[in-house]
$ cat final.cif   # mmCIF, C-alpha atoms
data_work
loop_
_atom_site.group_PDB
_atom_site.id
_atom_site.type_symbol
_atom_site.label_atom_id
_atom_site.label_comp_id
_atom_site.auth_asym_id
_atom_site.auth_seq_id
_atom_site.Cartn_x
_atom_site.Cartn_y
_atom_site.Cartn_z
ATOM 1 C CA MET A 1 22.848 9.358 -5.710
ATOM 2 C CA GLY A 2 23.174 6.826 -8.506
ATOM 3 C CA SER A 3 25.744 4.797 -6.561
ATOM 4 C CA LEU A 4 23.077 4.040 -3.991
ATOM 5 C CA LEU A 5 21.006 2.165 -6.529
ATOM 6 C CA ASP A 6 22.871 -1.122 -6.346
ATOM 7 C CA GLY A 7 19.866 -3.237 -7.271
ATOM 8 C CA LEU A 8 18.104 -6.135 -5.620
ATOM 9 C CA ILE A 9 20.385 -8.565 -7.438
ATOM 10 C CA THR A 10 23.252 -7.655 -5.076
ATOM 11 C CA LEU A 11 21.266 -8.653 -1.988
ATOM 12 C CA SER A 12 21.467 -12.011 -0.250
ATOM 13 C CA ALA A 13 18.526 -14.425 -0.354
ATOM 14 C CA TRP A 14 17.324 -13.488 3.128
ATOM 15 C CA GLU A 15 17.562 -9.776 2.331
ATOM 16 C CA ILE A 16 15.451 -10.246 -0.803
ATOM 17 C CA ALA A 17 12.916 -12.227 1.247
ATOM 18 C CA PHE A 18 12.910 -9.446 3.846
ATOM 19 C CA VAL A 19 12.210 -6.784 1.200
ATOM 20 C CA TYR A 20 9.428 -8.915 -0.297
ATOM 21 C CA GLY A 21 7.898 -9.398 3.158
ATOM 22 C CA ALA A 22 8.010 -5.662 3.838
ATOM 23 C CA TYR A 23 6.222 -4.904 0.567
ATOM 24 C CA LEU A 24 3.638 -7.608 1.218
ATOM 25 C CA LEU A 25 2.882 -6.077 4.623
ATOM 26 C CA GLY A 26 2.850 -2.515 3.298
ATOM 27 C CA PHE A 27 0.424 -3.187 0.490
ATOM 28 C CA TYR A 28 -1.749 -5.329 2.727
ATOM 29 C CA ILE A 29 -2.195 -2.141 4.755
ATOM 30 C CA ARG A 30 -2.898 -0.082 1.629
ATOM 31 C CA GLY A 31 -5.486 -2.607 0.477
ATOM 32 C CA ALA A 32 -7.226 -2.471 3.858
ATOM 33 C CA PHE A 33 -7.160 1.289 4.479
ATOM 34 C CA GLY A 34 -6.536 2.905 1.081
ATOM 35 C CA PHE A 35 -3.236 4.426 2.291
ATOM 36 C CA GLY A 36 -0.268 3.586 4.504
ATOM 37 C CA SER A 37 1.856 1.208 2.420
ATOM 38 C CA ASN A 38 4.959 3.381 2.279
ATOM 39 C CA MET A 39 5.639 3.958 5.957
ATOM 40 C CA PRO A 40 6.141 0.344 7.088
ATOM 41 C CA ILE A 41 8.053 -0.422 3.891
ATOM 42 C CA VAL A 42 10.401 2.517 4.448
ATOM 43 C CA LEU A 43 10.962 1.699 8.112
ATOM 44 C CA LEU A 44 11.877 -1.902 7.306
ATOM 45 C CA THR A 45 13.762 -1.742 4.005
ATOM 46 C CA THR A 46 15.968 1.235 4.920
ATOM 47 C CA TRP A 47 18.014 -1.203 7.025
ATOM 48 C CA VAL A 48 18.773 -3.236 3.882
ATOM 49 C CA LEU A 49 18.716 -0.773 0.986
ATOM 50 C CA GLY A 50 19.744 2.542 2.546
ATOM 51 C CA PRO A 51 17.498 5.626 2.830
ATOM 52 C CA HIS A 52 17.651 7.126 -0.670
ATOM 53 C CA HIS A 53 17.282 3.807 -2.495
ATOM 54 C CA THR A 54 14.396 2.917 -0.187
ATOM 55 C CA VAL A 55 12.466 6.125 -0.863
ATOM 56 C CA LEU A 56 13.014 5.985 -4.634
ATOM 57 C CA LEU A 57 12.027 2.325 -4.902
ATOM 58 C CA VAL A 58 8.897 2.665 -2.767
ATOM 59 C CA SER A 59 7.860 5.709 -4.825
ATOM 60 C CA MET A 60 8.227 3.813 -8.089
ATOM 61 C CA THR A 61 6.438 0.736 -6.768
ATOM 62 C CA ALA A 62 3.612 2.792 -5.275
ATOM 63 C CA VAL A 63 2.843 4.581 -8.540
ATOM 64 C CA MET A 64 2.681 1.250 -10.388
ATOM 65 C CA SER A 65 0.284 -0.153 -7.799
ATOM 66 C CA GLN A 66 -1.854 2.994 -7.824
ATOM 67 C CA LEU A 67 -2.887 2.296 -11.416
ATOM 68 C CA HIS A 68 -4.644 -0.787 -10.056
ATOM 69 C CA LEU A 69 -6.280 0.910 -7.057
ATOM 70 C CA LEU A 70 -7.117 4.350 -8.434
ATOM 71 C CA PRO A 71 -10.299 3.340 -10.320
ATOM 72 C CA GLN A 72 -11.777 2.102 -7.026
ATOM 73 C CA GLY A 73 -11.239 5.544 -5.495
ATOM 74 C CA ILE A 74 -12.371 7.714 -8.409
ATOM 75 C CA ARG A 75 -15.863 6.220 -8.443
ATOM 76 C CA THR A 76 -16.750 6.955 -4.798
ATOM 77 C CA ALA A 77 -14.272 9.562 -3.493
ATOM 78 C CA ASP A 78 -15.576 12.708 -1.803
ATOM 79 C CA TRP A 79 -14.467 15.261 -4.385
ATOM 80 C CA ARG A 80 -15.511 18.157 -2.142
ATOM 81 C CA VAL A 81 -12.581 17.071 0.042
ATOM 82 C CA VAL A 82 -10.166 16.154 -2.754
ATOM 83 C CA VAL A 83 -10.356 19.423 -4.726
ATOM 84 C CA PRO A 84 -9.184 21.837 -1.971
ATOM 85 C CA VAL A 85 -6.625 19.410 -0.513
ATOM 86 C CA ALA A 86 -4.802 18.235 -3.661
ATOM 87 C CA PRO A 87 -3.069 21.537 -4.708
ATOM 88 C CA ALA A 88 -1.521 22.124 -1.277
ATOM 89 C CA LEU A 89 -0.514 18.464 -1.035
ATOM 90 C CA ILE A 90 1.264 18.744 -4.389
ATOM 91 C CA ALA A 91 3.028 21.994 -3.385
ATOM 92 C CA GLY A 92 4.328 20.368 -0.197
ATOM 93 C CA THR A 93 5.498 17.412 -2.266
ATOM 94 C CA ALA A 94 7.600 19.713 -4.464
ATOM 95 C CA VAL A 95 9.412 21.231 -1.470
ATOM 96 C CA GLY A 96 9.881 17.789 0.121
ATOM 97 C CA THR A 97 11.408 16.384 -3.063
ATOM 98 C CA TRP A 98 13.913 19.259 -3.177
ATOM 99 C CA LEU A 99 14.981 18.486 0.411
ATOM 100 C CA LEU A 100 15.134 14.737 -0.222
ATOM 101 C CA ILE A 101 17.582 15.173 -3.076
ATOM 102 C CA ARG A 102 19.912 17.355 -1.013
ATOM 103 C CA LEU A 103 20.075 15.435 2.268
ATOM 104 C CA ARG A 104 23.007 13.065 2.891
ATOM 105 C CA PRO A 105 22.136 9.434 3.795
ATOM 106 C CA GLU A 106 22.919 9.810 7.510
ATOM 107 C CA GLY A 107 20.939 13.017 7.790
ATOM 108 C CA LEU A 108 18.060 11.579 5.779
ATOM 109 C CA THR A 109 17.879 8.562 8.100
ATOM 110 C CA VAL A 110 17.562 10.841 11.139
ATOM 111 C CA VAL A 111 14.955 13.031 9.437
ATOM 112 C CA MET A 112 12.948 10.008 8.290
ATOM 113 C CA GLY A 113 12.912 8.486 11.770
ATOM 114 C CA ALA A 114 12.026 11.771 13.503
ATOM 115 C CA LEU A 115 9.252 12.655 11.064
ATOM 116 C CA ILE A 116 7.662 9.219 11.188
ATOM 117 C CA VAL A 117 7.742 9.261 15.013
ATOM 118 C CA THR A 118 6.004 12.661 14.901
ATOM 119 C CA ILE A 119 3.405 11.559 12.360
ATOM 120 C CA VAL A 120 2.529 8.361 14.225
ATOM 121 C CA LEU A 121 2.339 10.121 17.606
ATOM 122 C CA MET A 122 0.111 12.837 16.167
ATOM 123 C CA ASP A 123 -2.244 10.200 14.828
ATOM 124 C CA ARG A 124 -2.042 8.073 17.979
ATOM 125 C CA LEU A 125 -2.728 11.049 20.281
ATOM 126 C CA HIS A 126 -5.471 12.388 17.995
ATOM 127 C CA VAL A 127 -3.760 15.778 17.737
ATOM 128 C CA VAL A 128 -5.799 16.857 14.716
ATOM 129 C CA GLN A 129 -9.053 15.920 16.449
ATOM 130 C CA ARG A 130 -7.986 17.970 19.481
ATOM 131 C CA LEU A 131 -7.189 20.918 17.222
ATOM 132 C CA SER A 132 -10.649 20.626 15.707
ATOM 133 C CA ARG A 133 -12.137 21.612 19.072
ATOM 134 C CA ARG A 134 -10.386 24.984 18.892
ATOM 135 C CA PHE A 135 -10.043 25.626 15.166
ATOM 136 C CA ASP A 136 -12.202 25.106 12.108
ATOM 137 C CA LEU A 137 -10.253 22.434 10.210
ATOM 138 C CA ARG A 138 -12.435 23.019 7.165
ATOM 139 C CA SER A 139 -11.250 26.622 6.806
ATOM 140 C CA PRO A 140 -9.048 27.248 3.736
ATOM 141 C CA GLY A 141 -6.018 28.176 5.871
ATOM 142 C CA MET A 142 -6.144 24.994 7.938
ATOM 143 C CA VAL A 143 -6.718 22.806 4.896
ATOM 144 C CA ILE A 144 -3.719 24.341 3.106
ATOM 145 C CA SER A 145 -1.522 24.005 6.216
ATOM 146 C CA LEU A 146 -2.425 20.370 6.848
ATOM 147 C CA ALA A 147 -2.178 19.313 3.212
ATOM 148 C CA GLY A 148 1.051 21.198 2.530
ATOM 149 C CA SER A 149 2.703 19.805 5.677
ATOM 150 C CA SER A 150 1.539 16.315 4.760
ATOM 151 C CA GLY A 151 3.091 16.542 1.295
ATOM 152 C CA LEU A 152 6.359 17.933 2.680
ATOM 153 C CA PHE A 153 6.764 15.506 5.578
ATOM 154 C CA GLY A 154 5.499 12.533 3.603
ATOM 155 C CA THR A 155 7.995 13.113 0.815
ATOM 156 C CA VAL A 156 11.065 13.648 3.008
ATOM 157 C CA SER A 157 10.236 10.727 5.306
ATOM 158 C CA GLY A 158 9.252 8.457 2.423
ATOM 159 C CA GLY A 159 6.212 7.497 4.460
ATOM 160 C CA GLY A 160 3.548 8.652 2.033
ATOM 161 C CA GLY A 161 1.560 11.849 1.883
ATOM 162 C CA ILE A 162 -1.610 10.915 3.761
ATOM 163 C CA TYR A 163 -0.560 9.931 7.292
ATOM 164 C CA PHE A 164 -0.374 13.557 8.416
ATOM 165 C CA LEU A 165 -3.804 14.203 6.881
ATOM 166 C CA VAL A 166 -5.576 11.103 8.132
ATOM 167 C CA GLY A 167 -7.008 12.756 11.260
ATOM 168 C CA TYR A 168 -8.508 15.559 9.185
ATOM 169 C CA LEU A 169 -9.846 13.148 6.581
ATOM 170 C CA ARG A 170 -11.564 11.087 9.257
ATOM 171 C CA LEU A 171 -13.411 14.197 10.388
ATOM 172 C CA VAL A 172 -14.635 15.187 6.940
ATOM 173 C CA CYS A 173 -15.190 11.608 5.658
ATOM 174 C CA PRO A 174 -16.824 9.716 8.547
ATOM 175 C CA ASP A 175 -18.004 6.876 6.296
ATOM 176 C CA PRO A 176 -15.178 4.233 6.147
ATOM 177 C CA ALA A 177 -15.768 3.349 2.487
ATOM 178 C CA ARG A 178 -15.826 7.013 1.418
ATOM 179 C CA LEU A 179 -12.704 7.686 3.504
ATOM 180 C CA ARG A 180 -10.849 4.816 1.829
ATOM 181 C CA SER A 181 -11.791 6.038 -1.666
ATOM 182 C CA THR A 182 -10.781 9.625 -0.886
ATOM 183 C CA ASN A 183 -7.462 8.356 0.504
ATOM 184 C CA LEU A 184 -6.842 6.462 -2.725
ATOM 185 C CA VAL A 185 -7.372 9.537 -4.901
ATOM 186 C CA LEU A 186 -5.253 11.857 -2.748
ATOM 187 C CA SER A 187 -2.425 9.363 -2.324
ATOM 188 C CA GLY A 188 -2.520 8.748 -6.082
ATOM 189 C CA SER A 189 -2.104 12.479 -6.757
ATOM 190 C CA PHE A 190 0.765 12.673 -4.273
ATOM 191 C CA ILE A 191 2.588 9.649 -5.704
ATOM 192 C CA ALA A 192 2.163 10.655 -9.369
ATOM 193 C CA PHE A 193 3.500 14.168 -8.808
ATOM 194 C CA ARG A 194 6.428 12.893 -6.746
ATOM 195 C CA ILE A 195 7.406 10.543 -9.585
ATOM 196 C CA LEU A 196 7.259 13.435 -12.082
ATOM 197 C CA LEU A 197 9.635 15.478 -9.902
ATOM 198 C CA LEU A 198 12.024 12.579 -9.324
ATOM 199 C CA SER A 199 12.034 11.872 -13.070
ATOM 200 C CA ALA A 200 12.862 15.503 -13.772
ATOM 201 C CA ALA A 201 15.837 15.104 -11.407
ATOM 202 C CA SER A 202 16.976 12.003 -13.387
ATOM 203 C CA LEU A 203 16.517 9.713 -10.368
ATOM 204 C CA ILE A 204 14.029 7.306 -11.970
ATOM 205 C CA THR A 205 16.301 4.816 -13.732
ATOM 206 C CA LEU A 206 15.700 1.659 -15.755
ATOM 207 C CA GLU A 207 17.202 -0.353 -12.890
ATOM 208 C CA LEU A 208 14.754 1.199 -10.428
ATOM 209 C CA MET A 209 11.778 0.421 -12.679
ATOM 210 C CA THR A 210 12.995 -3.169 -13.062
ATOM 211 C CA GLU A 211 13.231 -3.582 -9.296
ATOM 212 C CA ALA A 212 9.708 -2.226 -8.912
ATOM 213 C CA LEU A 213 8.413 -4.717 -11.487
ATOM 214 C CA VAL A 214 10.109 -7.568 -9.641
ATOM 215 C CA LEU A 215 8.209 -6.535 -6.496
ATOM 216 C CA MET A 216 4.795 -6.427 -8.204
ATOM 217 C CA PRO A 217 3.739 -9.948 -7.088
ATOM 218 C CA ALA A 218 4.116 -8.881 -3.441
ATOM 219 C CA VAL A 219 2.290 -5.629 -4.192
ATOM 220 C CA PHE A 220 -0.752 -7.243 -5.802
ATOM 221 C CA LEU A 221 -0.965 -10.139 -3.342
ATOM 222 C CA GLY A 222 -0.744 -7.778 -0.364
ATOM 223 C CA THR A 223 -3.350 -5.435 -1.871
ATOM 224 C CA TRP A 224 -5.748 -8.305 -2.571
ATOM 225 C CA LEU A 225 -5.406 -9.692 0.950
ATOM 226 C CA GLY A 226 -5.850 -6.240 2.481
ATOM 227 C CA THR A 227 -8.964 -5.532 0.411
ATOM 228 C CA ARG A 228 -10.524 -8.785 1.596
ATOM 229 C CA PHE A 229 -9.655 -7.874 5.187
ATOM 230 C CA PHE A 230 -11.367 -4.480 4.779
ATOM 231 C CA ARG A 231 -14.545 -6.067 3.441
ATOM 232 C CA THR A 232 -14.851 -8.882 5.963
ATOM 233 C CA SER A 233 -13.340 -7.593 9.239
ATOM 234 C CA SER A 234 -13.268 -4.638 11.603
ATOM 235 C CA PRO A 235 -9.819 -3.020 11.089
ATOM 236 C CA GLU A 236 -9.712 -0.768 14.189
ATOM 237 C CA ARG A 237 -7.758 -3.164 16.430
ATOM 238 C CA PHE A 238 -5.328 -3.981 13.628
ATOM 239 C CA TYR A 239 -4.702 -0.266 13.013
ATOM 240 C CA GLY A 240 -3.917 0.341 16.690
ATOM 241 C CA ALA A 241 -1.367 -2.469 16.764
ATOM 242 C CA LEU A 242 0.120 -1.179 13.508
ATOM 243 C CA GLN A 243 0.664 2.273 15.020
ATOM 244 C CA ALA A 244 2.566 0.797 17.960
ATOM 245 C CA LEU A 245 4.819 -1.226 15.639
ATOM 246 C CA LEU A 246 5.459 1.781 13.386
ATOM 247 C CA LEU A 247 6.440 3.906 16.372
ATOM 248 C CA ALA A 248 8.914 1.310 17.632
ATOM 249 C CA ALA A 249 10.433 0.877 14.156
ATOM 250 C CA ALA A 250 10.724 4.646 13.644
ATOM 251 C CA LEU A 251 12.502 5.086 16.980
ATOM 252 C CA ALA A 252 14.956 2.347 16.002
ATOM 253 C CA LEU A 253 15.596 4.049 12.648
ATOM 254 C CA LEU A 254 16.118 7.403 14.376
ATOM 255 C CA ALA A 255 18.658 5.829 16.731
ATOM 256 C CA LYS A 256 20.464 4.246 13.766
ATOM 257 C CA GLY A 257 20.761 7.611 12.029
ATOM 258 C CA LEU A 258 22.001 9.380 15.162
ATOM 259 C CA VAL A 259 24.662 6.724 15.716
ATOM 260 C CA ALA A 260 25.804 7.086 12.096
ATOM 261 C CA LEU A 261 26.052 10.866 12.463
ATOM 262 C CA ALA A 262 27.997 10.522 15.701
ATOM 263 C CA THR A 263 30.540 8.200 14.130
#
$ encode --input "final.cif" --output "structure tokens"
Amino acid sequence: MGSLLDGLITLSAWEIAFVYGAYLLGFYIRGAFGFGSNMPIVLLTTWVLGPHHTVLLVSMTAVMSQLHLLPQGIRTADWRVVVPVAPALIAGTAVGTWLLIRLRPEGLTVVMGALIVTIVLMDRLHVVQRLSRRFDLRSPGMVISLAGSSGLFGTVSGGGGIYFLVGYLRLVCPDPARLRSTNLVLSGSFIAFRILLLSAASLITLELMTEALVLMPAVFLGTWLGTRFFRTSSPERFYGALQALLLAAALALLAKGLVALAT
């Protein structure tokens, strides 16, 4: 695993610019919606950094940025939603981290692409909302299933732990500001626990932390721009276009992984 962490210094100028652009876009999305930075970053930077390096770097960068955003969420989050969801989300994260460590790069690329396609399609087709017509999503069993699956899939795909939960959270947090704050708290719990597990596996290195620090200007600028967008604009149309782009990028990543496995 350590050989994958070659460092940003080995990249060409355009590759560094590409990584910076991906992080700027990702954290613009997080600033606007309170979640969602990891998925576009993973889909873009895997082509340059490789799957394991990508997931480790985005995890380290996300936890650094969460220190800045978390106070906004703590003040106004819906804690009646956070308390039952967080334990199952953390348990799924533990299983996902175990799988992440053991998958080979080619296999991880395929899994990442397939999971992100599934997550985006589920959100796009409103699968959770459709389920809510037949099942009580607020029941303990459904909450545990959704949160645990979100932690597992989010960790293995590197796409964050909230995308799979976003349909459920929209149902229980209809107010956009309260939804954003609750997203911030839950994603913060997911990211912090994932970093603890990766540290225990000796995968959080000084080089990785240095790379994350180098990316902080893109993180804070993107977050600031996204927060302004959330306060002054209606984000629904932007979110729809984002879903379409994420789906196309995930399909491309899936094809890349399948080609690598075939050869």
$ resolve_selection --input "final.cif" --expression "the PyMOL selection byres ((chain A and resi 218) around 8)" --output "count of residues only"
12
$ resolve_selection --input "final.cif" --expression "the PyMOL selection byres ((chain A and resi 183-188) around 9)" --output "mmCIF file with C-alpha atoms, keeping the file's coordinate frame"
data_model
loop_
_atom_site.group_PDB
_atom_site.id
_atom_site.type_symbol
_atom_site.label_atom_id
_atom_site.label_comp_id
_atom_site.auth_asym_id
_atom_site.auth_seq_id
_atom_site.Cartn_x
_atom_site.Cartn_y
_atom_site.Cartn_z
ATOM 1 C CA ARG A 30 -2.898 -0.082 1.629
ATOM 2 C CA PHE A 33 -7.160 1.289 4.479
ATOM 3 C CA GLY A 34 -6.536 2.905 1.081
ATOM 4 C CA PHE A 35 -3.236 4.426 2.291
ATOM 5 C CA ALA A 62 3.612 2.792 -5.275
ATOM 6 C CA VAL A 63 2.843 4.581 -8.540
ATOM 7 C CA GLN A 66 -1.854 2.994 -7.824
ATOM 8 C CA LEU A 67 -2.887 2.296 -11.416
ATOM 9 C CA LEU A 69 -6.280 0.910 -7.057
ATOM 10 C CA LEU A 70 -7.117 4.350 -8.434
ATOM 11 C CA PRO A 71 -10.299 3.340 -10.320
ATOM 12 C CA GLN A 72 -11.777 2.102 -7.026
ATOM 13 C CA GLY A 73 -11.239 5.544 -5.495
ATOM 14 C CA ILE A 74 -12.371 7.714 -8.409
ATOM 15 C CA ALA A 77 -14.272 9.562 -3.493
ATOM 16 C CA VAL A 82 -10.166 16.154 -2.754
ATOM 17 C CA VAL A 85 -6.625 19.410 -0.513
ATOM 18 C CA ALA A 86 -4.802 18.235 -3.661
ATOM 19 C CA LEU A 89 -0.514 18.464 -1.035
ATOM 20 C CA GLY A 160 3.548 8.652 2.033
ATOM 21 C CA GLY A 161 1.560 11.849 1.883
ATOM 22 C CA ILE A 162 -1.610 10.915 3.761
ATOM 23 C CA VAL A 166 -5.576 11.103 8.132
ATOM 24 C CA LEU A 169 -9.846 13.148 6.581
ATOM 25 C CA ARG A 178 -15.826 7.013 1.418
ATOM 26 C CA LEU A 179 -12.704 7.686 3.504
ATOM 27 C CA ARG A 180 -10.849 4.816 1.829
ATOM 28 C CA SER A 181 -11.791 6.038 -1.666
ATOM 29 C CA THR A 182 -10.781 9.625 -0.886
ATOM 30 C CA SER A 189 -2.104 12.479 -6.757
ATOM 31 C CA PHE A 190 0.765 12.673 -4.273
ATOM 32 C CA ILE A 191 2.588 9.649 -5.704
ATOM 33 C CA ALA A 192 2.163 10.655 -9.369
ATOM 34 C CA PHE A 193 3.500 14.168 -8.808
#
$ residues_around --input "final.cif" --residues "stretch 93-109 of chain A" --least-positions-apart "2" --cutoff "8 Å" --atoms "only C-alpha atoms" --output "JSON, numbers by chain"
{"A": [50, 51, 52, 89, 90, 91, 111, 112, 113, 148, 151, 152, 153, 154, 155, 156, 157, 161, 190, 193, 194, 197, 198, 253, 254, 256, 257, 258, 260, 261]}
$ resolve_selection --input "final.cif" --expression "the PyMOL selection byres ((chain A and resi 247) around 8)" --output "VMD selection string"
chain A and resid 116 to 117 120 to 121 243 to 246 248 to 251
$ atom_distance --input "final.cif" --atom1 "atom CA of A:Thr227" --atom2 "atom CA of A:Ala32"
4.9 Å
$ atom_distance --input "final.cif" --atom1 "atom CA of A:Thr223" --atom2 "atom CA of A:Ile29"
7.5 Å
$ atom_distance --input "final.cif" --atom1 "atom CA of A:Phe135" --atom2 "atom CA of A:Cys173"
17.7 Å
$ closest_residue --input "final.cif" --among "A:Leu165, A:Ile41, A:Leu171, A:Ser150" --to "A:Ser132" --atoms "only C-alpha atoms"
A:Leu171
$ closest_residue --input "final.cif" --among "A:Thr210, A:Thr118, A:Asn38, A:Thr263" --to "A:Val55" --atoms "all atoms listed in the file"
A:Asn38
